[in-house]
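Okay, structure first, notes after.
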Amino acid sequence: MITKILDVSEEPINIDYIKEASEILKKGGLVAFPTETVYGLGGDATDKEASRKIYAAKGRPSDNPLIVHISKFEQLQQISKDLPDTAKLLADAFWPGPLTMVVNKNKFIPYETTGGLDTVAVRMPNNPVALALINESGCMIAAPSANTSGRPSPTKASHVYEDLSGKIDAILDGGSVDIGLESTIVDLTEDVVTILRPGYINMDMLRQVVGEVRMDPGISCGDKDISVGAKPKAPGMRYKHYAPKGDLTIVSGQEDKVVSAINQLTSQAIAKGLSVGIIATSASADRYTSGKVLVIGDREDEASIAHNLYDILRQFDEEDVDVIFSESFATPQMGQAIMNRLLKAAGQQTIEV
Ligand code: TXA
Ligand code: MG
């Protein structure tokens, strides 16, 4: 199969390309498309075969459910049952936007899409290409992140192409995404709203809308000890994800100490004949004396850190570095989300200095 690239990065969006992509979806094919978080790999959420194709293209275990992307609140009502009032409150506050809600499903969405679960994850993306595709196709679109299972999520069309070229029908290239980390997932099926995956919409923002909110005890975000034995509720959070090829260690603590610790670790690794990558900020980059240093962003601009994280991990994969040392980024708003992804990429390997 040849994967077509449809360039929709310029305004106004090329509607012919949206129509072409919509026809592919309606015929049961797969189209990758941009959202405000990361690129998604889309298929018709009501079509079992399309969902099977998504799992096959990604090499994803079929018990890891997909997120259904919609463009109208009524579509959530159409595919759910026992929808709690909090769903409307959260949708009014955050949709379209980077929030996914897990609710009880009805028969409309097949088990192939939900990995066999009786619940379904739903979100309304805040991206004009994604919304146009949902509207034009008339499909609710099942879409996991458009990467090969186990690789960092794609934040550019070229990342999707690297992983899925030849395996999917088309990629809508909408340029670089906005946020760069996957959506916050909340579970609305229990008494208390529970965060299953941290993202741009954080605990405080959710509490302002629905009151009590808790974090799934199986999730680590760097601000507390990892709950030993607790199993994350979102199946995808149980897999070792986002794993770079190089062995990644996070070094945290006061900046001067972190820089000297990383310099020392880097020299030791180089002496052993290993190649080293370092994830630094614009302020610290010059202070590293050896290794391949990449700047993730500016500590005062946490959006830049979230935006560049996956691209940097992919760059180190391309360079085939043996070990990677990263500074720690417990920033105010997205710190939990950033550290959650970084800790997973590091297989929880951290050094406190
Ligand atoms: O920002 C995003 O959410 C992106 C864009 C494309 O929308 N999508 C994304 O999808 O990150 P994916 O498949 O890479 O991650 C979906 C996560 C997985 O961890 C999965 O286990 C969880 O959502 N999930 C999906 N349905 C669920 C359900 N019914 N109950 C619990 N977790 C669910
Ligand atoms: Mg994913």
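Within each chain, counting starts at residue 1; across the structure tokens, chains are named A, B, ... in the order shown, with ligands numbered 1 upward in that order.
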
Check your understanding: region 84-262 of chain A: which residues are strand (DSSP E) by DSSP, as a ChimeraX atom specification?
Key -> /A:99-104,119-123,141-142,170-173,184-187,193-197,213-215,247-252

Once you have the residues from the selection above, write them out as a short mmCIF file (atom, residue, chain, number, x, y, z; two decimals), in the first residue's frame, restricted to C-alpha atoms.
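As written to disk, again_25.cif reads:
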data_model
loop_
_atom_site.label_atom_id
_atom_site.label_comp_id
_atom_site.auth_asym_id
_atom_site.auth_seq_id
_atom_site.Cartn_x
_atom_site.Cartn_y
_atom_site.Cartn_z
CA LEU A 99 -9.73 15.92 27.70
CA THR A 100 -10.89 12.32 27.18
CA MET A 101 -13.84 10.98 29.18
CA VAL A 102 -14.33 7.28 29.93
CA VAL A 103 -18.05 6.45 30.18
CA ASN A 104 -20.24 3.34 29.98
CA THR A 119 -16.71 1.49 28.71
CA VAL A 120 -15.64 3.82 25.92
CA ALA A 121 -13.15 6.71 25.92
CA VAL A 122 -14.40 9.79 24.05
CA ARG A 123 -12.97 13.17 23.18
CA ILE A 141 -13.33 8.35 14.49
CA ALA A 142 -11.51 5.76 16.59
CA ALA A 170 -3.22 8.45 3.99
CA ILE A 171 -1.79 11.10 6.30
CA LEU A 172 -3.37 14.53 6.60
CA ASP A 173 -0.33 16.74 7.21
CA THR A 184 -5.83 13.97 29.98
CA ILE A 185 -8.05 10.90 30.50
CA VAL A 186 -10.72 10.95 33.23
CA ASP A 187 -12.88 8.04 34.32
CA VAL A 193 -13.85 11.60 38.88
CA THR A 194 -10.47 9.86 38.49
CA ILE A 195 -7.52 10.87 36.32
CA LEU A 196 -6.28 7.81 34.43
CA ARG A 197 -3.64 9.70 32.43
CA VAL A 213 -11.02 14.58 41.69
CA ARG A 214 -8.46 11.87 42.42
CA MET A 215 -5.45 10.41 40.64
CA ASP A 247 18.88 3.75 28.19
CA LEU A 248 17.29 6.88 29.71
CA THR A 249 17.91 8.13 33.27
CA ILE A 250 16.29 11.23 34.80
CA VAL A 251 18.49 13.28 37.12
CA SER A 252 16.60 15.58 39.49
#

Practice item. Considering only C-alpha atoms, return as a VMD selection string whatever protein or nucleic-acid residues lie within 12 Å of Tyr288 (chain A), sequence-local ones (same chain, fewer than 3 positions apart) excluded. Key: chain A and resid 256 258 to 267 276 to 285 291 to 295 325 to 327

Check your understanding: Any idea what's packed within 12 Å of Leu133 (chain A), counting only C-alpha atoms, ignoring anything in its chain fewer than 2 positions away? Could you give it as an MDAnalysis selection string?
Key -> chainID A and resid 8 13:26 31:35 40 42:44 69:71 125 127:131 135:141 171:172

Just the selected residues (C-alpha atoms), exported as an mmCIF file, in the first residue's frame, please.
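Result written to result.cif:
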data_model
loop_
_atom_site.group_PDB
_atom_site.id
_atom_site.type_symbol
_atom_site.label_atom_id
_atom_site.label_comp_id
_atom_site.auth_asym_id
_atom_site.auth_seq_id
_atom_site.Cartn_x
_atom_site.Cartn_y
_atom_site.Cartn_z
ATOM 1 C CA VAL A 8 -3.612 20.610 4.885
ATOM 2 C CA ILE A 13 -7.795 24.011 4.720
ATOM 3 C CA ASN A 14 -7.874 22.220 1.362
ATOM 4 C CA ILE A 15 -11.407 20.783 1.452
ATOM 5 C CA ASP A 16 -10.707 18.403 -1.444
ATOM 6 C CA TYR A 17 -8.174 16.619 0.742
ATOM 7 C CA ILE A 18 -10.632 16.463 3.650
ATOM 8 C CA LYS A 19 -13.164 14.909 1.238
ATOM 9 C CA GLU A 20 -10.613 12.410 -0.059
ATOM 10 C CA ALA A 21 -9.691 11.381 3.508
ATOM 11 C CA SER A 22 -13.389 11.124 4.415
ATOM 12 C CA GLU A 23 -14.035 8.737 1.522
ATOM 13 C CA ILE A 24 -11.186 6.526 2.768
ATOM 14 C CA LEU A 25 -12.732 6.406 6.258
ATOM 15 C CA LYS A 26 -16.219 5.662 4.906
ATOM 16 C CA VAL A 31 -6.180 8.019 7.824
ATOM 17 C CA ALA A 32 -3.740 9.684 10.220
ATOM 18 C CA PHE A 33 -4.703 13.236 11.158
ATOM 19 C CA PRO A 34 -3.481 16.045 13.426
ATOM 20 C CA THR A 35 -5.129 16.911 16.727
ATOM 21 C CA GLY A 40 -4.107 10.170 15.650
ATOM 22 C CA GLY A 42 -8.176 7.179 12.495
ATOM 23 C CA GLY A 43 -10.745 4.636 11.368
ATOM 24 C CA ASP A 44 -14.567 4.486 11.576
ATOM 25 C CA HIS A 69 -13.207 11.303 18.458
ATOM 26 C CA ILE A 70 -16.429 13.267 18.039
ATOM 27 C CA SER A 71 -17.398 16.791 16.977
ATOM 28 C CA PRO A 125 -10.347 17.402 19.605
ATOM 29 C CA ASN A 127 -8.075 21.090 15.782
ATOM 30 C CA PRO A 128 -9.764 22.390 12.618
ATOM 31 C CA VAL A 129 -8.514 19.512 10.431
ATOM 32 C CA ALA A 130 -9.691 16.863 12.910
ATOM 33 C CA LEU A 131 -13.112 18.483 13.312
ATOM 34 C CA ASN A 135 -17.921 16.331 10.152
ATOM 35 C CA GLU A 136 -17.238 15.628 6.489
ATOM 36 C CA SER A 137 -16.999 11.834 6.916
ATOM 37 C CA GLY A 138 -19.991 11.662 9.244
ATOM 38 C CA CYS A 139 -17.916 9.113 11.193
ATOM 39 C CA MET A 140 -17.033 9.053 14.836
ATOM 40 C CA ILE A 141 -13.327 8.352 14.491
ATOM 41 C CA ILE A 171 -1.788 11.100 6.305
ATOM 42 C CA LEU A 172 -3.369 14.533 6.601
#

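Between ligand 2 and the candidates A:Gly166, A:Gly180, A:Gly222, A:Gly335, the tightest atom-to-atom separation, counting only C-alpha atoms and all ligand atoms, involves A:Gly180.
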